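Undergrad: Before I ask anything, let me first share the structure, which is written out below as structure tokens.
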Amino acid sequence: MYERVWSGAVEGCEVSLGFNEEDGLFSYNAKKDGMVLRDRHCADPVDAGLMDGPGVEWDGKTPLLPSASEIKFEGRFAPFHTLEEIVSGTWLSPADWPGYRKAMAIDELSDRMTRIARSYAGDRAPDEAYMNFGLIDCPKRLNAIFEGPDNRPNRAFESLFTATGYKEFALGKSFAYSDPYLLADSHGMPRQVVDQIRMAANRGQGPLSYRDAVVSLCRQSRLENGG
């Protein structure tokens with residue numbers, strides 16, 4: 001059963017945030033004139049794009065919850081100041097979360113990262129919020145969930161730090177990348193990452209497209225590393 005964490009009027013809508021101590025999930029509900037506009041469960045409202053924060057864009061339909069720093073939690077949640085404190089203080093610490101919640105957290109983090117990366121596709125340089133989330137906040141949260149970087153599943157690492165280019169920004173010219181099935185949309189990736197992939201594959205062949213560069217690098221990896 002969901003207990004109310006906060007409720008209030010936002011953009012002419014009645015918006016509420018709840019928390020279920022049985023499964024550790026939050027609920028977002030938005031109503032207008034008594035009609036439910038949106039009702040969703042999530043592991044983290046900010047990562048899910050339901051609460052204001054870096055990488056969260058308003059869809060113009062259902063309003064975002066104000067950031068946790070701008071509101072005061074209600075009832076027994078009043079002593080807490082962040083969503084993380086609510087989860088660990090009333091339910092379980094990240095390392096003890098059941099598999100379904102860890103999986104949901106990874107998916108939401110990946111979606112948030114993709115939204116941020118999309119806004120930096122092209123020539124726009126990443127700002128401090130982008131870097132802090134990708135290089136500091138996100139790894140810290142993954143370490144808390146999996147008790148260290150060595151225990152992170154490949155899916156968590158690859159989806160969060162490869163496709164969106166965070167490793168390229170963190171490590172300069174040396175970064176890991178994997179797209180053997182050519183599923184990535186190069187137009188939605190930071191330009192620096194696409195350029196680095198093309199340069200890595202260019203061995204006197206002249207300028208290569210993103211697709212040709214990935215094919216060349218995959219072929220080279222199979223020959224040299226067996227995969």
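Going by the structure tokens order, chains are called A, B, ..., each with residues numbered from 1, while ligands are numbered from 1 in the order shown.
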Could you name the residues that touch Ala95 in chain A at 7 Å or less, counting only C-alpha atoms, but leaving out those on the same chain fewer than 6 positions away, as a list of chain:residue names?
TA: A:Ala144, A:Ile145, A:Phe146, A:Glu147
Undergrad: Identify which of the residues A:Ala48, A:Gly75, A:Phe80, A:Pro153 lies closest to Gly99 in chain A, counting only C-alpha atoms when measuring atom-to-atom distances.
TA: A:Pro153
Undergrad: For Lys31 in chain A, please output as a ChimeraX atom specification all residues within 7 Å (counting only C-alpha atoms; exclusion window: fewer than 2 positions along the same chain).
TA: /A:13-15,29,33-37
Undergrad: Using only C-alpha atoms, find the one residue out of A:Thr90, A:Trp6, A:Ser69, A:Pro45 that sits nearest to Asn20 in chain A.
TA: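 Residue with the minimum atom-to-atom distance to Asn20 in chain A: A:Thr90.
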Undergrad: Within 7 Å of Trp91 in chain A, counting only C-alpha atoms, which residues qualify if same-chain residues fewer than 2 places away don't, as number ranges by chain?
TA: A: 21, 24, 87-89
Undergrad: For the residues in the current selection, export N, CA, C and O atoms as a JSON list (two decimals), in the first residue's frame.
TA:
```json
[["chain", "number", "residue", "atom", "x", "y", "z"],
["A", 21, "GLU", "N", 6.14, 0.56, 1.15],
["A", 21, "GLU", "CA", 7.18, -0.09, 1.94],
["A", 21, "GLU", "C", 7.23, -1.60, 1.69],
["A", 21, "GLU", "O", 8.20, -2.26, 2.07],
["A", 24, "GLY", "N", 9.10, -1.28, -2.10],
["A", 24, "GLY", "CA", 10.14, -0.28, -2.22],
["A", 24, "GLY", "C", 10.03, 0.62, -3.44],
["A", 24, "GLY", "O", 11.02, 1.23, -3.86],
["A", 87, "VAL", "N", 14.01, 5.49, 1.09],
["A", 87, "VAL", "CA", 14.13, 4.07, 0.73],
["A", 87, "VAL", "C", 14.96, 3.32, 1.77],
["A", 87, "VAL", "O", 14.54, 2.29, 2.30],
["A", 88, "SER", "N", 16.15, 3.82, 2.07],
["A", 88, "SER", "CA", 17.04, 3.11, 2.99],
["A", 88, "SER", "C", 16.58, 3.23, 4.44],
["A", 88, "SER", "O", 16.83, 2.34, 5.25],
["A", 89, "GLY", "N", 15.88, 4.32, 4.76],
["A", 89, "GLY", "CA", 15.44, 4.52, 6.15],
["A", 89, "GLY", "C", 14.18, 3.78, 6.52],
["A", 89, "GLY", "O", 13.95, 3.52, 7.70]]
```
Undergrad: Just the number, please: distance in Å from CA of Asn202 in chain A to CA of Leu217 in chain A, one decimal.
TA: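 Separation between CA of Asn202 in chain A and CA of Leu217 in chain A: 9.4 Å.
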Undergrad: Please measure the separation of CA of Leu109 in chain A and CA of Asp47 in chain A, giving the value in Å to one decimal.
TA: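 Separation between CA of Leu109 in chain A and CA of Asp47 in chain A: 5.5 Å.
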